[in-house]
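Data file: entry-v8.txt. Format and content: compact mmCIF, N, CA and C atoms.
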```txt
# COMPACT_ATOMS: atom_id res chain seq x y z
N HIS A 1307 12.93 113.73 -59.26
CA HIS A 1307 12.04 113.29 -60.33
C HIS A 1307 10.74 114.07 -60.24
N ILE A 1308 10.18 114.35 -61.40
CA ILE A 1308 8.82 114.86 -61.49
C ILE A 1308 8.08 113.89 -62.40
N VAL A 1309 7.01 113.31 -61.89
CA VAL A 1309 6.20 112.39 -62.67
C VAL A 1309 4.87 113.07 -62.95
N LEU A 1310 4.57 113.24 -64.23
CA LEU A 1310 3.32 113.85 -64.65
C LEU A 1310 2.35 112.76 -65.08
N VAL A 1311 1.19 112.70 -64.44
CA VAL A 1311 0.13 111.80 -64.85
C VAL A 1311 -0.88 112.67 -65.57
N LEU A 1312 -0.95 112.53 -66.89
CA LEU A 1312 -1.72 113.41 -67.75
C LEU A 1312 -2.97 112.73 -68.27
N ASP A 1313 -4.12 113.28 -67.93
CA ASP A 1313 -5.40 112.81 -68.44
C ASP A 1313 -5.49 113.23 -69.91
N VAL A 1314 -5.58 112.25 -70.82
CA VAL A 1314 -5.67 112.54 -72.25
C VAL A 1314 -7.02 112.10 -72.82
N SER A 1315 -7.99 111.91 -71.96
CA SER A 1315 -9.32 111.48 -72.41
C SER A 1315 -9.95 112.54 -73.30
N PRO A 1316 -10.91 112.16 -74.14
CA PRO A 1316 -11.55 113.13 -75.04
C PRO A 1316 -12.17 114.33 -74.30
N SER A 1317 -12.60 114.16 -73.06
CA SER A 1317 -13.18 115.29 -72.32
C SER A 1317 -12.16 116.39 -72.07
N MET A 1318 -10.87 116.07 -72.16
CA MET A 1318 -9.84 117.09 -71.97
C MET A 1318 -9.74 118.03 -73.19
N ARG A 1319 -10.46 117.75 -74.25
CA ARG A 1319 -10.47 118.62 -75.42
C ARG A 1319 -11.62 119.62 -75.38
N LEU A 1320 -12.49 119.50 -74.39
CA LEU A 1320 -13.59 120.46 -74.25
C LEU A 1320 -13.06 121.84 -73.92
N ALA A 1321 -13.73 122.86 -74.40
CA ALA A 1321 -13.27 124.25 -74.22
C ALA A 1321 -14.09 124.95 -73.14
N ASP A 1322 -13.76 124.68 -71.89
CA ASP A 1322 -14.43 125.35 -70.77
C ASP A 1322 -13.46 125.69 -69.64
N ALA A 1323 -12.20 125.88 -70.00
CA ALA A 1323 -11.16 126.14 -69.00
C ALA A 1323 -10.62 127.57 -69.16
N GLY A 1324 -9.77 127.95 -68.21
CA GLY A 1324 -9.14 129.26 -68.25
C GLY A 1324 -10.01 130.34 -67.65
N ALA A 1325 -9.50 131.56 -67.67
CA ALA A 1325 -10.18 132.69 -67.03
C ALA A 1325 -11.55 132.97 -67.65
N GLU A 1326 -11.66 132.80 -68.96
CA GLU A 1326 -12.93 133.09 -69.63
C GLU A 1326 -13.74 131.84 -69.93
N LEU A 1327 -13.28 130.68 -69.44
CA LEU A 1327 -13.95 129.39 -69.63
C LEU A 1327 -14.17 129.06 -71.11
N LYS A 1328 -13.19 129.43 -71.96
CA LYS A 1328 -13.28 129.17 -73.39
C LYS A 1328 -12.07 128.42 -73.92
N GLN A 1329 -11.14 128.13 -73.05
CA GLN A 1329 -9.89 127.49 -73.46
C GLN A 1329 -10.04 125.96 -73.37
N PRO A 1330 -9.55 125.20 -74.37
CA PRO A 1330 -9.57 123.74 -74.24
C PRO A 1330 -8.79 123.31 -72.99
N ARG A 1331 -9.29 122.30 -72.32
CA ARG A 1331 -8.70 121.84 -71.06
C ARG A 1331 -7.23 121.44 -71.23
N LEU A 1332 -6.90 120.71 -72.30
CA LEU A 1332 -5.50 120.31 -72.50
C LEU A 1332 -4.60 121.52 -72.72
N GLN A 1333 -5.11 122.54 -73.40
CA GLN A 1333 -4.33 123.75 -73.60
C GLN A 1333 -4.10 124.45 -72.25
N ARG A 1334 -5.11 124.44 -71.40
CA ARG A 1334 -4.97 125.03 -70.06
C ARG A 1334 -3.93 124.26 -69.26
N VAL A 1335 -3.94 122.94 -69.35
CA VAL A 1335 -2.94 122.12 -68.68
C VAL A 1335 -1.55 122.51 -69.16
N ARG A 1336 -1.40 122.68 -70.48
CA ARG A 1336 -0.10 123.07 -71.03
C ARG A 1336 0.36 124.41 -70.45
N ASP A 1337 -0.54 125.39 -70.41
CA ASP A 1337 -0.19 126.71 -69.88
C ASP A 1337 0.23 126.61 -68.41
N LEU A 1338 -0.53 125.86 -67.62
CA LEU A 1338 -0.23 125.74 -66.19
C LEU A 1338 1.08 124.99 -65.97
N LEU A 1339 1.29 123.94 -66.73
CA LEU A 1339 2.52 123.16 -66.59
C LEU A 1339 3.74 123.96 -67.06
N THR A 1340 3.58 124.73 -68.11
CA THR A 1340 4.67 125.60 -68.57
C THR A 1340 5.05 126.59 -67.48
N SER A 1341 4.04 127.16 -66.83
CA SER A 1341 4.28 128.09 -65.74
C SER A 1341 4.99 127.40 -64.57
N LEU A 1342 4.54 126.22 -64.23
CA LEU A 1342 5.16 125.46 -63.13
C LEU A 1342 6.62 125.15 -63.43
N LEU A 1343 6.88 124.65 -64.64
CA LEU A 1343 8.24 124.24 -64.99
C LEU A 1343 9.17 125.44 -65.15
N ALA A 1344 8.61 126.61 -65.43
CA ALA A 1344 9.44 127.82 -65.51
C ALA A 1344 9.96 128.24 -64.14
N ARG A 1345 9.32 127.77 -63.08
CA ARG A 1345 9.71 128.13 -61.71
C ARG A 1345 10.58 127.07 -61.04
N VAL A 1346 10.82 125.97 -61.74
CA VAL A 1346 11.56 124.84 -61.19
C VAL A 1346 12.92 124.77 -61.89
N PRO A 1347 13.99 124.53 -61.16
CA PRO A 1347 15.29 124.33 -61.82
C PRO A 1347 15.31 122.97 -62.53
N VAL A 1348 14.73 122.95 -63.71
CA VAL A 1348 14.49 121.69 -64.43
C VAL A 1348 15.78 120.91 -64.69
N GLU A 1349 16.89 121.61 -64.80
CA GLU A 1349 18.15 120.91 -65.06
C GLU A 1349 18.53 119.98 -63.90
N ARG A 1350 17.89 120.15 -62.75
CA ARG A 1350 18.16 119.28 -61.60
C ARG A 1350 17.16 118.12 -61.49
N PHE A 1351 16.19 118.06 -62.41
CA PHE A 1351 15.14 117.06 -62.34
C PHE A 1351 15.11 116.20 -63.59
N ARG A 1352 14.50 115.06 -63.45
CA ARG A 1352 14.17 114.20 -64.59
C ARG A 1352 12.65 114.13 -64.64
N LEU A 1353 12.11 114.30 -65.84
CA LEU A 1353 10.66 114.31 -66.03
C LEU A 1353 10.19 113.01 -66.68
N SER A 1354 9.08 112.52 -66.18
CA SER A 1354 8.42 111.36 -66.79
C SER A 1354 6.96 111.73 -67.01
N VAL A 1355 6.38 111.22 -68.10
CA VAL A 1355 4.98 111.50 -68.41
C VAL A 1355 4.25 110.18 -68.60
N ILE A 1356 3.12 110.07 -67.92
CA ILE A 1356 2.25 108.91 -68.06
C ILE A 1356 0.91 109.43 -68.55
N ALA A 1357 0.47 108.91 -69.72
CA ALA A 1357 -0.83 109.29 -70.26
C ALA A 1357 -1.87 108.33 -69.69
N VAL A 1358 -3.04 108.88 -69.37
CA VAL A 1358 -4.10 108.05 -68.82
C VAL A 1358 -5.43 108.38 -69.50
N TYR A 1359 -6.13 107.33 -69.83
CA TYR A 1359 -7.49 107.43 -70.37
C TYR A 1359 -8.17 106.15 -69.92
N ASN A 1360 -8.39 105.21 -70.81
CA ASN A 1360 -8.97 103.92 -70.42
C ASN A 1360 -7.81 102.95 -70.18
N GLY A 1361 -6.99 103.29 -69.19
CA GLY A 1361 -5.74 102.61 -68.91
C GLY A 1361 -4.65 103.64 -68.80
N ALA A 1362 -3.41 103.20 -68.72
CA ALA A 1362 -2.28 104.12 -68.59
C ALA A 1362 -1.12 103.63 -69.44
N LYS A 1363 -0.39 104.60 -70.02
CA LYS A 1363 0.78 104.28 -70.84
C LYS A 1363 1.90 105.26 -70.51
N ARG A 1364 3.09 104.72 -70.33
CA ARG A 1364 4.27 105.58 -70.16
C ARG A 1364 4.61 106.19 -71.52
N VAL A 1365 4.71 107.50 -71.55
CA VAL A 1365 5.00 108.20 -72.79
C VAL A 1365 6.48 108.54 -72.88
N VAL A 1366 7.03 109.03 -71.77
CA VAL A 1366 8.45 109.36 -71.71
C VAL A 1366 8.92 109.14 -70.27
N GLU A 1367 10.14 108.64 -70.14
CA GLU A 1367 10.71 108.40 -68.81
C GLU A 1367 12.04 109.13 -68.67
N ASP A 1368 12.18 109.80 -67.54
CA ASP A 1368 13.45 110.40 -67.13
C ASP A 1368 14.11 111.28 -68.18
N THR A 1369 13.36 112.20 -68.74
CA THR A 1369 13.96 113.14 -69.68
C THR A 1369 14.27 114.46 -68.98
N GLN A 1370 15.22 115.18 -69.52
CA GLN A 1370 15.47 116.55 -69.08
C GLN A 1370 15.19 117.51 -70.23
N ASP A 1371 14.65 116.98 -71.30
CA ASP A 1371 14.34 117.77 -72.49
C ASP A 1371 12.91 118.30 -72.40
N LEU A 1372 12.78 119.58 -72.08
CA LEU A 1372 11.45 120.18 -71.95
C LEU A 1372 10.69 120.20 -73.26
N GLU A 1373 11.41 120.22 -74.38
CA GLU A 1373 10.74 120.23 -75.68
C GLU A 1373 9.96 118.94 -75.90
N VAL A 1374 10.46 117.82 -75.39
CA VAL A 1374 9.73 116.56 -75.50
C VAL A 1374 8.41 116.66 -74.75
N VAL A 1375 8.46 117.19 -73.55
CA VAL A 1375 7.25 117.34 -72.74
C VAL A 1375 6.30 118.35 -73.39
N GLN A 1376 6.81 119.46 -73.89
CA GLN A 1376 5.98 120.46 -74.56
C GLN A 1376 5.29 119.85 -75.78
N ASN A 1377 6.00 119.01 -76.52
CA ASN A 1377 5.41 118.35 -77.69
C ASN A 1377 4.23 117.47 -77.29
N ILE A 1378 4.37 116.77 -76.19
CA ILE A 1378 3.28 115.92 -75.70
C ILE A 1378 2.06 116.77 -75.37
N LEU A 1379 2.29 117.94 -74.81
CA LEU A 1379 1.20 118.82 -74.39
C LEU A 1379 0.68 119.71 -75.51
N ASP A 1380 1.27 119.62 -76.69
CA ASP A 1380 0.93 120.52 -77.79
C ASP A 1380 -0.17 119.98 -78.69
N GLY A 1381 -1.14 119.31 -78.11
CA GLY A 1381 -2.26 118.83 -78.91
C GLY A 1381 -2.07 117.46 -79.51
N LEU A 1382 -1.03 116.74 -79.11
CA LEU A 1382 -0.82 115.38 -79.59
C LEU A 1382 -2.05 114.54 -79.22
N PRO A 1383 -2.73 113.94 -80.21
CA PRO A 1383 -3.99 113.22 -79.91
C PRO A 1383 -3.73 111.84 -79.30
N MET A 1384 -3.24 111.83 -78.08
CA MET A 1384 -2.86 110.56 -77.44
C MET A 1384 -4.05 109.68 -77.09
N HIS A 1385 -5.25 110.24 -77.04
CA HIS A 1385 -6.41 109.40 -76.72
C HIS A 1385 -6.62 108.31 -77.77
N HIS A 1386 -6.07 108.50 -78.99
CA HIS A 1386 -6.19 107.48 -80.03
C HIS A 1386 -5.35 106.24 -79.72
N ALA A 1387 -4.43 106.33 -78.79
CA ALA A 1387 -3.59 105.19 -78.41
C ALA A 1387 -4.32 104.25 -77.45
N PHE A 1388 -5.53 104.63 -77.05
CA PHE A 1388 -6.31 103.85 -76.09
C PHE A 1388 -7.60 103.35 -76.72
N THR A 1389 -8.14 102.27 -76.16
CA THR A 1389 -9.46 101.80 -76.53
C THR A 1389 -10.48 102.77 -75.92
N PRO A 1390 -11.45 103.23 -76.70
CA PRO A 1390 -12.45 104.15 -76.13
C PRO A 1390 -13.16 103.53 -74.92
N GLY A 1391 -13.47 104.37 -73.97
CA GLY A 1391 -14.14 103.91 -72.76
C GLY A 1391 -14.14 104.98 -71.70
N THR A 1392 -14.27 104.57 -70.47
CA THR A 1392 -14.29 105.53 -69.36
C THR A 1392 -12.87 105.86 -68.92
N THR A 1393 -12.72 107.04 -68.34
CA THR A 1393 -11.41 107.46 -67.85
C THR A 1393 -11.11 106.77 -66.53
N ARG A 1394 -9.90 106.25 -66.41
CA ARG A 1394 -9.48 105.50 -65.22
C ARG A 1394 -8.21 106.13 -64.67
N LEU A 1395 -8.38 107.25 -63.94
CA LEU A 1395 -7.23 107.98 -63.39
C LEU A 1395 -6.37 107.12 -62.48
N ALA A 1396 -7.01 106.24 -61.73
CA ALA A 1396 -6.24 105.40 -60.80
C ALA A 1396 -5.23 104.53 -61.53
N ASP A 1397 -5.51 104.15 -62.78
CA ASP A 1397 -4.54 103.37 -63.56
C ASP A 1397 -3.25 104.18 -63.77
N GLY A 1398 -3.41 105.49 -63.98
CA GLY A 1398 -2.23 106.34 -64.12
C GLY A 1398 -1.44 106.44 -62.84
N LEU A 1399 -2.15 106.48 -61.72
CA LEU A 1399 -1.47 106.52 -60.42
C LEU A 1399 -0.76 105.21 -60.13
N VAL A 1400 -1.38 104.10 -60.50
CA VAL A 1400 -0.73 102.79 -60.33
C VAL A 1400 0.56 102.74 -61.14
N GLU A 1401 0.52 103.23 -62.37
CA GLU A 1401 1.72 103.24 -63.21
C GLU A 1401 2.79 104.16 -62.64
N ALA A 1402 2.38 105.29 -62.09
CA ALA A 1402 3.34 106.22 -61.46
C ALA A 1402 4.00 105.57 -60.25
N VAL A 1403 3.23 104.84 -59.47
CA VAL A 1403 3.78 104.14 -58.30
C VAL A 1403 4.80 103.09 -58.74
N LYS A 1404 4.49 102.34 -59.80
CA LYS A 1404 5.44 101.34 -60.31
C LYS A 1404 6.74 102.00 -60.75
N LEU A 1405 6.60 103.12 -61.44
CA LEU A 1405 7.78 103.83 -61.94
C LEU A 1405 8.64 104.36 -60.80
N ALA A 1406 8.01 104.97 -59.79
CA ALA A 1406 8.73 105.67 -58.73
C ALA A 1406 9.19 104.77 -57.58
N ARG A 1407 8.64 103.59 -57.47
CA ARG A 1407 8.94 102.72 -56.32
C ARG A 1407 10.43 102.53 -56.04
N PRO A 1408 11.28 102.28 -57.04
CA PRO A 1408 12.70 102.03 -56.74
C PRO A 1408 13.53 103.28 -56.46
N TRP A 1409 12.97 104.45 -56.64
CA TRP A 1409 13.75 105.67 -56.47
C TRP A 1409 13.97 106.00 -55.01
N ASN A 1410 14.92 106.89 -54.74
CA ASN A 1410 15.26 107.28 -53.37
C ASN A 1410 14.08 107.91 -52.65
N PRO A 1411 13.99 107.66 -51.34
CA PRO A 1411 12.90 108.26 -50.55
C PRO A 1411 12.88 109.79 -50.67
N GLY A 1412 11.69 110.33 -50.84
CA GLY A 1412 11.52 111.77 -50.89
C GLY A 1412 12.06 112.45 -52.13
N SER A 1413 12.31 111.68 -53.20
CA SER A 1413 12.96 112.24 -54.39
C SER A 1413 12.00 112.64 -55.51
N THR A 1414 10.71 112.43 -55.30
CA THR A 1414 9.77 112.56 -56.41
C THR A 1414 8.58 113.43 -56.07
N THR A 1415 8.18 114.25 -57.06
CA THR A 1415 6.92 114.98 -56.99
C THR A 1415 6.02 114.39 -58.06
N LEU A 1416 4.82 114.02 -57.65
CA LEU A 1416 3.81 113.48 -58.55
C LEU A 1416 2.83 114.60 -58.87
N VAL A 1417 2.60 114.86 -60.17
CA VAL A 1417 1.66 115.89 -60.59
C VAL A 1417 0.57 115.21 -61.42
N LEU A 1418 -0.67 115.31 -60.94
CA LEU A 1418 -1.83 114.75 -61.64
C LEU A 1418 -2.55 115.90 -62.33
N LEU A 1419 -2.70 115.81 -63.65
CA LEU A 1419 -3.32 116.86 -64.46
C LEU A 1419 -4.58 116.29 -65.09
N THR A 1420 -5.76 116.79 -64.68
CA THR A 1420 -7.01 116.16 -65.10
C THR A 1420 -8.19 117.12 -65.00
N ASP A 1421 -9.28 116.71 -65.63
CA ASP A 1421 -10.55 117.42 -65.45
C ASP A 1421 -11.40 116.72 -64.38
N GLY A 1422 -10.89 115.63 -63.86
CA GLY A 1422 -11.56 114.94 -62.76
C GLY A 1422 -12.66 113.99 -63.18
N ASP A 1423 -12.92 113.86 -64.46
CA ASP A 1423 -13.97 112.97 -64.96
C ASP A 1423 -13.42 111.55 -65.01
N THR A 1424 -13.77 110.75 -64.01
CA THR A 1424 -13.20 109.40 -63.90
C THR A 1424 -14.17 108.46 -63.22
N VAL A 1425 -13.95 107.17 -63.41
CA VAL A 1425 -14.68 106.17 -62.66
C VAL A 1425 -13.90 105.90 -61.38
N ALA A 1426 -14.62 105.53 -60.32
CA ALA A 1426 -13.99 105.32 -59.01
C ALA A 1426 -13.18 104.02 -59.02
N HIS A 1427 -11.99 104.09 -58.51
CA HIS A 1427 -11.11 102.94 -58.34
C HIS A 1427 -10.30 103.16 -57.07
N ASP A 1428 -9.71 102.10 -56.58
CA ASP A 1428 -8.84 102.23 -55.43
C ASP A 1428 -7.56 102.94 -55.84
N VAL A 1429 -7.19 103.94 -55.08
CA VAL A 1429 -5.95 104.66 -55.32
C VAL A 1429 -4.85 103.92 -54.57
N PRO A 1430 -3.73 103.64 -55.23
CA PRO A 1430 -2.67 102.87 -54.58
C PRO A 1430 -1.96 103.68 -53.50
N ALA A 1431 -1.39 102.96 -52.55
CA ALA A 1431 -0.55 103.61 -51.54
C ALA A 1431 0.71 104.11 -52.23
N LEU A 1432 1.14 105.29 -51.87
CA LEU A 1432 2.31 105.88 -52.51
C LEU A 1432 3.59 105.36 -51.85
N PRO A 1433 4.62 105.10 -52.65
CA PRO A 1433 5.89 104.62 -52.09
C PRO A 1433 6.64 105.77 -51.41
N PRO A 1434 7.62 105.45 -50.59
CA PRO A 1434 8.41 106.49 -49.90
C PRO A 1434 9.10 107.47 -50.85
N SER A 1435 9.33 107.08 -52.09
CA SER A 1435 10.01 107.96 -53.04
C SER A 1435 9.17 109.18 -53.39
N ILE A 1436 7.84 109.08 -53.30
CA ILE A 1436 6.98 110.21 -53.64
C ILE A 1436 6.79 111.08 -52.41
N ALA A 1437 7.40 112.27 -52.46
CA ALA A 1437 7.39 113.18 -51.31
C ALA A 1437 6.15 114.06 -51.31
N GLU A 1438 5.67 114.42 -52.49
CA GLU A 1438 4.52 115.32 -52.56
C GLU A 1438 3.71 115.04 -53.81
N VAL A 1439 2.43 115.42 -53.72
CA VAL A 1439 1.50 115.25 -54.83
C VAL A 1439 0.84 116.59 -55.09
N LEU A 1440 0.80 116.96 -56.36
CA LEU A 1440 0.12 118.18 -56.78
C LEU A 1440 -0.98 117.76 -57.75
N VAL A 1441 -2.22 118.14 -57.44
CA VAL A 1441 -3.35 117.83 -58.31
C VAL A 1441 -3.76 119.12 -59.00
N VAL A 1442 -3.73 119.11 -60.33
CA VAL A 1442 -4.11 120.27 -61.13
C VAL A 1442 -5.41 119.92 -61.84
N GLY A 1443 -6.47 120.61 -61.45
CA GLY A 1443 -7.78 120.39 -62.06
C GLY A 1443 -8.10 121.49 -63.05
N VAL A 1444 -8.64 121.11 -64.21
CA VAL A 1444 -9.00 122.09 -65.24
C VAL A 1444 -10.46 121.89 -65.65
N GLY A 1445 -11.02 122.91 -66.25
CA GLY A 1445 -12.41 122.88 -66.66
C GLY A 1445 -13.23 123.77 -65.76
N ASP A 1446 -14.47 123.94 -66.10
CA ASP A 1446 -15.37 124.79 -65.33
C ASP A 1446 -15.72 124.08 -64.02
N PRO A 1447 -15.33 124.64 -62.87
CA PRO A 1447 -15.60 123.97 -61.59
C PRO A 1447 -17.06 124.08 -61.15
N ARG A 1448 -17.85 124.90 -61.82
CA ARG A 1448 -19.24 125.12 -61.41
C ARG A 1448 -20.26 124.38 -62.25
N ALA A 1449 -19.87 123.94 -63.44
CA ALA A 1449 -20.83 123.28 -64.32
C ALA A 1449 -20.12 122.25 -65.18
N GLY A 1450 -20.74 121.10 -65.34
CA GLY A 1450 -20.18 120.07 -66.20
C GLY A 1450 -20.43 120.40 -67.66
N THR A 1451 -19.52 119.99 -68.53
CA THR A 1451 -19.65 120.19 -69.96
C THR A 1451 -19.59 118.83 -70.62
N PHE A 1452 -20.46 118.58 -71.55
CA PHE A 1452 -20.49 117.28 -72.22
C PHE A 1452 -20.30 117.46 -73.71
```

Any chance you could give the structure as C-alpha cells?
Amino acid sequence: HIVLVLDVSPSMRLADAGAELKQPRLQRVRDLLTSLLARVPVERFRLSVIAVYNGAKRVVEDTQDLEVVQNILDGLPMHHAFTPGTTRLADGLVEAVKLARPWNPGSTTLVLLTDGDTVAHDVPALPPSIAEVLVVGVGDPRAGTF
C-alpha cells in the first residue's frame, strides 16, 4: 500500500516552489509524485489518498488507477470541501493510521505532501503496517510566502 496524505490548504496554491520558485506548490507536488510513481512498480501497489486541510477526508482508497490519482493532483480545488481555518496535518496522519491499522505489518509506505504550514498537534503512533514514511515538502524553504 501507498498512502498519500495530501495538504490541500489554500497555501498550497501559492507559487513559490520548484527550481525557479515560481511554480504553484500543488503543481510541484504533482510533478514530484509523478516522478516517484514512475519509479515504483505501481501494478504491485494499491494507492490511497487522504486530503487534509482543516480536518481530513479520504478521497480514494486502494486504487491501482494512476489516472484517478493524477486527476486529484491536477488542480482539483479540494480545499472547498473543508470549512476554512487552519491546516491540521496531524488529522491527515490520524486518518492514515486508521486506514492502515488492519493491514499486514510492513506493507505500507506513508507519503506526506505539504508546505509544512500547520498548527501543532500530537502526531499519532504509527501501526506496524506502516514500514516507512516519506515527507515531501514544497515551497520556498528560505522565506515564507503569504

* Which residue out of A:Leu1382, A:Ala1325, A:Leu1342, A:Leu1399 has the minimum interatomic distance to A:Val1429 when all atoms listed in the file are used? ->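 Nearest candidate to A:Val1429 out of A:Leu1382, A:Ala1325, A:Leu1342, A:Leu1399: A:Leu1399.
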
* Nearest to A:Tyr1359, chosen from A:Arg1331, A:Arg1336, A:Arg1394, A:Arg1345, with only C-alpha atoms counted in the distances ->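 Under the stated criterion, the closest residue is A:Arg1394.
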
* Contacts of stretch 1405-1413 of chain A at 8 Å (only C-alpha atoms; same-chain gap of 3+ positions) as a ChimeraX atom specification -> /A:1307,1401-1402,1433-1437

Using N, CA and C atoms, can you write the selected residues to a file as an mmCIF file, in the frame of the given file?
```cif
data_model
loop_
_atom_site.group_PDB
_atom_site.id
_atom_site.type_symbol
_atom_site.label_atom_id
_atom_site.label_comp_id
_atom_site.auth_asym_id
_atom_site.auth_seq_id
_atom_site.Cartn_x
_atom_site.Cartn_y
_atom_site.Cartn_z
ATOM 1 N N HIS A 1307 12.930 113.730 -59.260
ATOM 2 C CA HIS A 1307 12.040 113.290 -60.330
ATOM 3 C C HIS A 1307 10.740 114.070 -60.240
ATOM 4 N N GLU A 1401 0.520 103.230 -62.370
ATOM 5 C CA GLU A 1401 1.720 103.240 -63.210
ATOM 6 C C GLU A 1401 2.790 104.160 -62.640
ATOM 7 N N ALA A 1402 2.380 105.290 -62.090
ATOM 8 C CA ALA A 1402 3.340 106.220 -61.460
ATOM 9 C C ALA A 1402 4.000 105.570 -60.250
ATOM 10 N N PRO A 1433 4.620 105.100 -52.650
ATOM 11 C CA PRO A 1433 5.890 104.620 -52.090
ATOM 12 C C PRO A 1433 6.640 105.770 -51.410
ATOM 13 N N PRO A 1434 7.620 105.450 -50.590
ATOM 14 C CA PRO A 1434 8.410 106.490 -49.900
ATOM 15 C C PRO A 1434 9.100 107.470 -50.850
ATOM 16 N N SER A 1435 9.330 107.080 -52.090
ATOM 17 C CA SER A 1435 10.010 107.960 -53.040
ATOM 18 C C SER A 1435 9.170 109.180 -53.390
ATOM 19 N N ILE A 1436 7.840 109.080 -53.300
ATOM 20 C CA ILE A 1436 6.980 110.210 -53.640
ATOM 21 C C ILE A 1436 6.790 111.080 -52.410
ATOM 22 N N ALA A 1437 7.400 112.270 -52.460
ATOM 23 C CA ALA A 1437 7.390 113.180 -51.310
ATOM 24 C C ALA A 1437 6.150 114.060 -51.310
#
```

* Asked: DSSP says helix (DSSP H, G or I) for which residues of chain A? Put them as a ChimeraX atom specification?
  -> /A:1316-1319,1331-1344,1348-1350,1372-1379,1384-1387,1395-1406

Do a neighbour search on A:Val1355 at 8 Å with all atoms listed in the file, toss out local chain neighbours closer than 5 positions, and write the hits as a compact mmCIF listing (two decimals) with N, CA and C atoms, keeping the file's coordinate frame.
```txt
# COMPACT_ATOMS: atom_id res chain seq x y z
N ILE A 1308 10.18 114.35 -61.40
CA ILE A 1308 8.82 114.86 -61.49
C ILE A 1308 8.08 113.89 -62.40
N VAL A 1309 7.01 113.31 -61.89
CA VAL A 1309 6.20 112.39 -62.67
C VAL A 1309 4.87 113.07 -62.95
N LEU A 1310 4.57 113.24 -64.23
CA LEU A 1310 3.32 113.85 -64.65
C LEU A 1310 2.35 112.76 -65.08
N VAL A 1311 1.19 112.70 -64.44
CA VAL A 1311 0.13 111.80 -64.85
C VAL A 1311 -0.88 112.67 -65.57
N LEU A 1312 -0.95 112.53 -66.89
CA LEU A 1312 -1.72 113.41 -67.75
C LEU A 1312 -2.97 112.73 -68.27
N LYS A 1363 -0.39 104.60 -70.02
CA LYS A 1363 0.78 104.28 -70.84
C LYS A 1363 1.90 105.26 -70.51
N ARG A 1364 3.09 104.72 -70.33
CA ARG A 1364 4.27 105.58 -70.16
C ARG A 1364 4.61 106.19 -71.52
N VAL A 1365 4.71 107.50 -71.55
CA VAL A 1365 5.00 108.20 -72.79
C VAL A 1365 6.48 108.54 -72.88
N VAL A 1366 7.03 109.03 -71.77
CA VAL A 1366 8.45 109.36 -71.71
C VAL A 1366 8.92 109.14 -70.27
N GLU A 1367 10.14 108.64 -70.14
CA GLU A 1367 10.71 108.40 -68.81
C GLU A 1367 12.04 109.13 -68.67
N ASP A 1368 12.18 109.80 -67.54
CA ASP A 1368 13.45 110.40 -67.13
C ASP A 1368 14.11 111.28 -68.18
N THR A 1369 13.36 112.20 -68.74
CA THR A 1369 13.96 113.14 -69.68
C THR A 1369 14.27 114.46 -68.98
N VAL A 1375 8.46 117.19 -73.55
CA VAL A 1375 7.25 117.34 -72.74
C VAL A 1375 6.30 118.35 -73.39
```

* Structure fact -> A:Phe1351 proximity check over A:Leu1395, A:Leu1320, A:Asp1371, A:Leu1339, using all atoms listed in the file: winner is A:Asp1371

* DSSP says strand (DSSP E or B) for which residues of stretch 1348-1450 of chain A? Put them as a PyMOL selection string? -> chain A and resi 1353-1359+1361-1369+1414-1420+1436-1443

* Could you jot down the atom CA of A:Pro1330 to atom CA of A:Thr1414 separation for me, Å, one decimal place? =>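 That distance, rounded to one decimal, is 28.6 Å.
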
* **Atom-to-atom span, atom CA of A:Val1400 and atom CA of A:Pro1383, Å** =>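 About the pair atom CA of A:Val1400 and atom CA of A:Pro1383: they are 22.4 Å apart.
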
* **For A:His1385, the nearest of the candidates A:Ser1354, A:Gln1329, A:Thr1420, A:Ser1315, counting all atoms listed in the file** => A:Ser1315

* **Pick from A:Asp1313, A:Asp1397, A:Leu1379, A:Arg1352 nearest to A:His1427, counting only N, CA and C atoms** => A:Asp1397

* Asked: Leaving out stretch 1390-1393 of chain A and any residue of its chain fewer than 3 positions from it, which residues lie within 8 Å of it when counting only C-alpha atoms, given as a ChimeraX atom specification?
  -> /A:1315,1358-1361,1423-1425

* Quick one, how far is atom N of A:Val1442 from atom C of A:Ala1396? -> 14.7 Å

Which residues, protein or nucleic acid, reach to within 7 Å of (-8.1, 116.4, -62.9) in the file's coordinates when using only C-alpha atoms, and can you give that as a compact mmCIF listing (two decimals) with N, CA and C atoms, keeping the file's coordinate frame?
```
# COMPACT_ATOMS: atom_id res chain seq x y z
N LEU A 1418 -0.67 115.31 -60.94
CA LEU A 1418 -1.83 114.75 -61.64
C LEU A 1418 -2.55 115.90 -62.33
N LEU A 1419 -2.70 115.81 -63.65
CA LEU A 1419 -3.32 116.86 -64.46
C LEU A 1419 -4.58 116.29 -65.09
N THR A 1420 -5.76 116.79 -64.68
CA THR A 1420 -7.01 116.16 -65.10
C THR A 1420 -8.19 117.12 -65.00
N ASP A 1421 -9.28 116.71 -65.63
CA ASP A 1421 -10.55 117.42 -65.45
C ASP A 1421 -11.40 116.72 -64.38
N GLY A 1422 -10.89 115.63 -63.86
CA GLY A 1422 -11.56 114.94 -62.76
C GLY A 1422 -12.66 113.99 -63.18
N VAL A 1441 -2.22 118.14 -57.44
CA VAL A 1441 -3.35 117.83 -58.31
C VAL A 1441 -3.76 119.12 -59.00
N VAL A 1442 -3.73 119.11 -60.33
CA VAL A 1442 -4.11 120.27 -61.13
C VAL A 1442 -5.41 119.92 -61.84
N GLY A 1443 -6.47 120.61 -61.45
CA GLY A 1443 -7.78 120.39 -62.06
C GLY A 1443 -8.10 121.49 -63.05
N VAL A 1444 -8.64 121.11 -64.21
CA VAL A 1444 -9.00 122.09 -65.24
C VAL A 1444 -10.46 121.89 -65.65
```
